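This report concerns only the one structure given below.
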Amino acid sequence: MSDKLRVLLTAFGPFPGAPYNPTQPLVARLVQLRRPALDDAAISSHIFPVTYAAVDRQLPEVLAKEKPDALLMFGLAARTPYLRIESRARNAVTMLWPDAANTRSSKRGIAGNADALIFGPHTARLLRAARLTGIDARPSRDAGAYLCNYLSWRAIENVRGGGPKLAAFIHIPLLARSGAVRRKGAPRITLEELVDAGEAMLMEMVQLARKARNTTA
């Protein structure tokens, strides 16, 4: 129905150094959730190829198609063993690492002399929701300088330009596979734990989007 809240979930495909990207199965599970609290919400998803050109082309297309009230994005931070809720996007692009199309950025920044773009105070609500599931989740002010940060920047631009009312980016770690453990002995986060945290954050985003819609109605 047209009056349903619309939430778009995004993930990334594989990229150099990460042939398996766990954001894809996470988003696939979240889209399939059936909960009474989501009865008034239409949840859709999109998987971005890990290229700058794909983000620039596909983000406007999928936003125009889905017209989401909220955008909840996930990316892989392979060297971080916990969940990171990003609070901002940096005006930075790495010139060292190519994207999945073997393209390197020709400049170190995304847009002029700007410093950073802020997602907003709602990221603290997402952090709390995730932590209440028992997962190790922490705030982050540094989304890196690769595609996750780049998508975050473009998403916030769209929020400010009249697109979704809310956007958030969540970095997830590599997941436990076949009982694998990290070198220090602490077990990795499992997909089931991540789905629980993802569900909690999705529920929070739906509530936040509902309040934002009522405020502007």
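Chain identifiers are assigned as A, B, and so on, following the order in which chains appear in the structure tokens; residues are numbered from 1 within each chain, and ligands are numbered from 1 in order of appearance.
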Write out as JSON, numbers by chain the set of residues from stretch 49-135 of chain A that DSSP, computed on the backbone, places in helix (DSSP H, G or I).
{"A": [52, 53, 54, 55, 56, 57, 58, 59, 60, 61, 62, 63, 64, 65, 66, 122, 123, 124, 125, 126, 127, 128, 129, 130, 131]}
Tell me, which residues of stretch 50-89 of chain A carry DSSP strand (DSSP E or B), written as a PyMOL selection string?
chain A and resi 70-76+83-86+88-89
Show which residues sit within 12 Å of A:Ala64, as a count of residues only. Count only C-alpha atoms, and ignore same-chain residues fewer than 4 positions away.
11
Could you pull the residues within 7 Å of A:Ala143, counting only C-alpha atoms, minus those fewer than 4 positions along the same chain, as a PyMOL selection string?
chain A and resi 86+89+148-149
Writer output for current selection, all heavy atoms, as an mmCIF file, in the first residue's frame:
data_model
loop_
_atom_site.group_PDB
_atom_site.id
_atom_site.type_symbol
_atom_site.label_atom_id
_atom_site.label_comp_id
_atom_site.auth_asym_id
_atom_site.auth_seq_id
_atom_site.Cartn_x
_atom_site.Cartn_y
_atom_site.Cartn_z
ATOM 1 N N GLU A 86 28.188 3.797 12.292
ATOM 2 C CA GLU A 86 28.873 5.002 11.841
ATOM 3 C C GLU A 86 28.021 6.243 12.123
ATOM 4 O O GLU A 86 26.810 6.237 11.913
ATOM 5 C CB GLU A 86 29.177 4.910 10.346
ATOM 6 C CG GLU A 86 30.017 3.700 9.942
ATOM 7 C CD GLU A 86 31.409 3.706 10.562
ATOM 8 O OE1 GLU A 86 31.856 4.783 11.024
ATOM 9 O OE2 GLU A 86 32.046 2.644 10.585
ATOM 10 N N ALA A 89 30.122 10.478 7.584
ATOM 11 C CA ALA A 89 30.895 10.109 6.401
ATOM 12 C C ALA A 89 31.996 11.143 6.227
ATOM 13 O O ALA A 89 31.759 12.350 6.338
ATOM 14 C CB ALA A 89 30.000 10.079 5.167
ATOM 15 N N CYS A 148 32.342 1.960 1.458
ATOM 16 C CA CYS A 148 31.369 2.135 2.532
ATOM 17 C C CYS A 148 31.229 3.614 2.889
ATOM 18 O O CYS A 148 30.117 4.128 3.045
ATOM 19 C CB CYS A 148 31.778 1.331 3.758
ATOM 20 S SG CYS A 148 31.667 -0.457 3.527
ATOM 21 N N ASN A 149 32.362 4.278 3.020
ATOM 22 C CA ASN A 149 32.334 5.710 3.311
ATOM 23 C C ASN A 149 31.747 6.490 2.139
ATOM 24 O O ASN A 149 30.981 7.448 2.328
ATOM 25 C CB ASN A 149 33.747 6.200 3.620
ATOM 26 C CG ASN A 149 33.793 7.677 3.964
ATOM 27 O OD1 ASN A 149 33.371 8.097 5.021
ATOM 28 N ND2 ASN A 149 34.311 8.487 3.034
#
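Comparing A:Pro121, A:Thr103, A:Leu147, A:Leu202 by their smallest distance to A:Ala37, the closest is A:Leu202 (using only C-alpha atoms).
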Contact residues around A:Val93 with only C-alpha atoms at 12 Å, ignoring same-chain residues under 2 positions, as a ChimeraX atom specification:
/A:52,89-91,95-99,104-111,143-153
Which distance in Å separates atom CA of A:Arg84 and atom CA of A:Met201, to one decimal?
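Interatomic distance here is 12.3 Å.
Nearest residue to A:Ile135 among A:Ser87, A:Asn21, A:Thr190, A:Thr10 is A:Thr190, counting only C-alpha atoms.
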Polymer residues at most 8 Å from stretch 42-46 of chain A, only C-alpha atoms, same-chain spacing of 2 or more positions, as a ChimeraX atom specification:
/A:4-11,27-28,31,38-40,48,62,66
Write to file, as a tab-separated table (two decimals), in the first residue's frame, the residues of the selection just made, with N, CA, C and O atoms.
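Just written: result_19.tsv:
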chain	number	residue	atom	x	y	z
A	4	LYS	N	2.29	2.78	3.33
A	4	LYS	CA	3.22	2.03	4.15
A	4	LYS	C	4.55	2.76	4.27
A	4	LYS	O	5.01	3.40	3.33
A	5	LEU	N	5.17	2.61	5.43
A	5	LEU	CA	6.53	3.08	5.58
A	5	LEU	C	7.43	2.21	4.70
A	5	LEU	O	7.22	1.01	4.58
A	6	ARG	N	8.41	2.84	4.11
A	6	ARG	CA	9.29	2.10	3.21
A	6	ARG	C	10.73	2.21	3.73
A	6	ARG	O	11.24	3.32	3.94
A	7	VAL	N	11.35	1.06	3.92
A	7	VAL	CA	12.73	1.01	4.38
A	7	VAL	C	13.55	0.23	3.37
A	7	VAL	O	13.18	-0.90	3.00
A	8	LEU	N	14.63	0.83	2.93
A	8	LEU	CA	15.52	0.18	1.97
A	8	LEU	C	16.77	-0.29	2.70
A	8	LEU	O	17.45	0.49	3.36
A	9	LEU	N	17.06	-1.58	2.59
A	9	LEU	CA	18.27	-2.16	3.15
A	9	LEU	C	19.28	-2.38	2.02
A	9	LEU	O	18.90	-2.84	0.94
A	10	THR	N	20.53	-2.05	2.25
A	10	THR	CA	21.53	-2.26	1.21
A	10	THR	C	22.72	-3.05	1.76
A	10	THR	O	23.05	-3.00	2.94
A	11	ALA	N	23.34	-3.78	0.84
A	11	ALA	CA	24.54	-4.55	1.14
A	11	ALA	C	25.50	-4.36	-0.03
A	11	ALA	O	25.17	-3.73	-1.04
A	27	VAL	N	21.32	-9.08	4.85
A	27	VAL	CA	20.20	-8.33	4.28
A	27	VAL	C	19.12	-9.27	3.75
A	27	VAL	O	17.91	-9.00	3.90
A	28	ALA	N	19.53	-10.40	3.18
A	28	ALA	CA	18.55	-11.37	2.69
A	28	ALA	C	17.67	-11.88	3.83
A	28	ALA	O	16.45	-12.05	3.67
A	31	VAL	N	15.22	-8.93	5.08
A	31	VAL	CA	14.10	-8.66	4.16
A	31	VAL	C	12.98	-9.67	4.36
A	31	VAL	O	11.80	-9.37	4.14
A	38	LEU	N	6.28	-4.77	11.94
A	38	LEU	CA	6.64	-4.40	10.56
A	38	LEU	C	5.45	-4.47	9.61
A	38	LEU	O	5.62	-4.34	8.40
A	39	ASP	N	4.25	-4.68	10.16
A	39	ASP	CA	3.07	-4.81	9.30
A	39	ASP	C	2.82	-3.57	8.46
A	39	ASP	O	2.27	-3.65	7.37
A	40	ASP	N	3.20	-2.39	9.01
A	40	ASP	CA	2.95	-1.15	8.27
A	40	ASP	C	4.19	-0.71	7.50
A	40	ASP	O	4.27	0.43	7.05
A	48	PHE	N	24.80	-3.51	-3.85
A	48	PHE	CA	25.66	-2.69	-4.69
A	48	PHE	C	26.92	-3.45	-5.09
A	48	PHE	O	27.59	-4.03	-4.22
A	62	VAL	N	17.73	3.41	-7.40
A	62	VAL	CA	16.96	2.62	-6.44
A	62	VAL	C	16.16	3.52	-5.50
A	62	VAL	O	15.05	3.17	-5.09
A	66	GLU	N	12.21	2.93	-5.16
A	66	GLU	CA	11.64	2.47	-3.89
A	66	GLU	C	11.05	3.60	-3.05
A	66	GLU	O	10.19	3.37	-2.21
Minimum-distance residue to A:Leu71, chosen among A:Phe119, A:Ala137, A:Leu174, A:Glu193 (using only C-alpha atoms)
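Residue with the minimum atom-to-atom distance to A:Leu71: A:Phe119.
Distances from A:Ala92, A:Ala124, A:Ala41, A:Leu191 to A:Ala209 were compared using only C-alpha atoms, and the smallest one belongs to A:Ala41.
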Pick out the closest residue to A:Leu208 from this set: A:Leu132, A:Ile170, A:Leu126, A:Ala18. Count only C-alpha atoms.
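Comparing A:Leu132, A:Ile170, A:Leu126, A:Ala18 against A:Leu208, the winner is A:Leu126.
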Got a sec: who's within 8 Å of A:Gln24, counting only C-alpha atoms, leaving out chain neighbours fewer than 6 positions off, as number ranges by chain?
A: 11-13, 47
Using only C-alpha atoms, can you tell me which of A:Ala197, A:Met203, A:Ala70, A:Ala168 comes closest to A:Arg34?
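Smallest distance to A:Arg34 is found for A:Met203.
From atom CA of A:Gly198 back to atom CA of A:Pro22, the distance works out to 12.6 Å.
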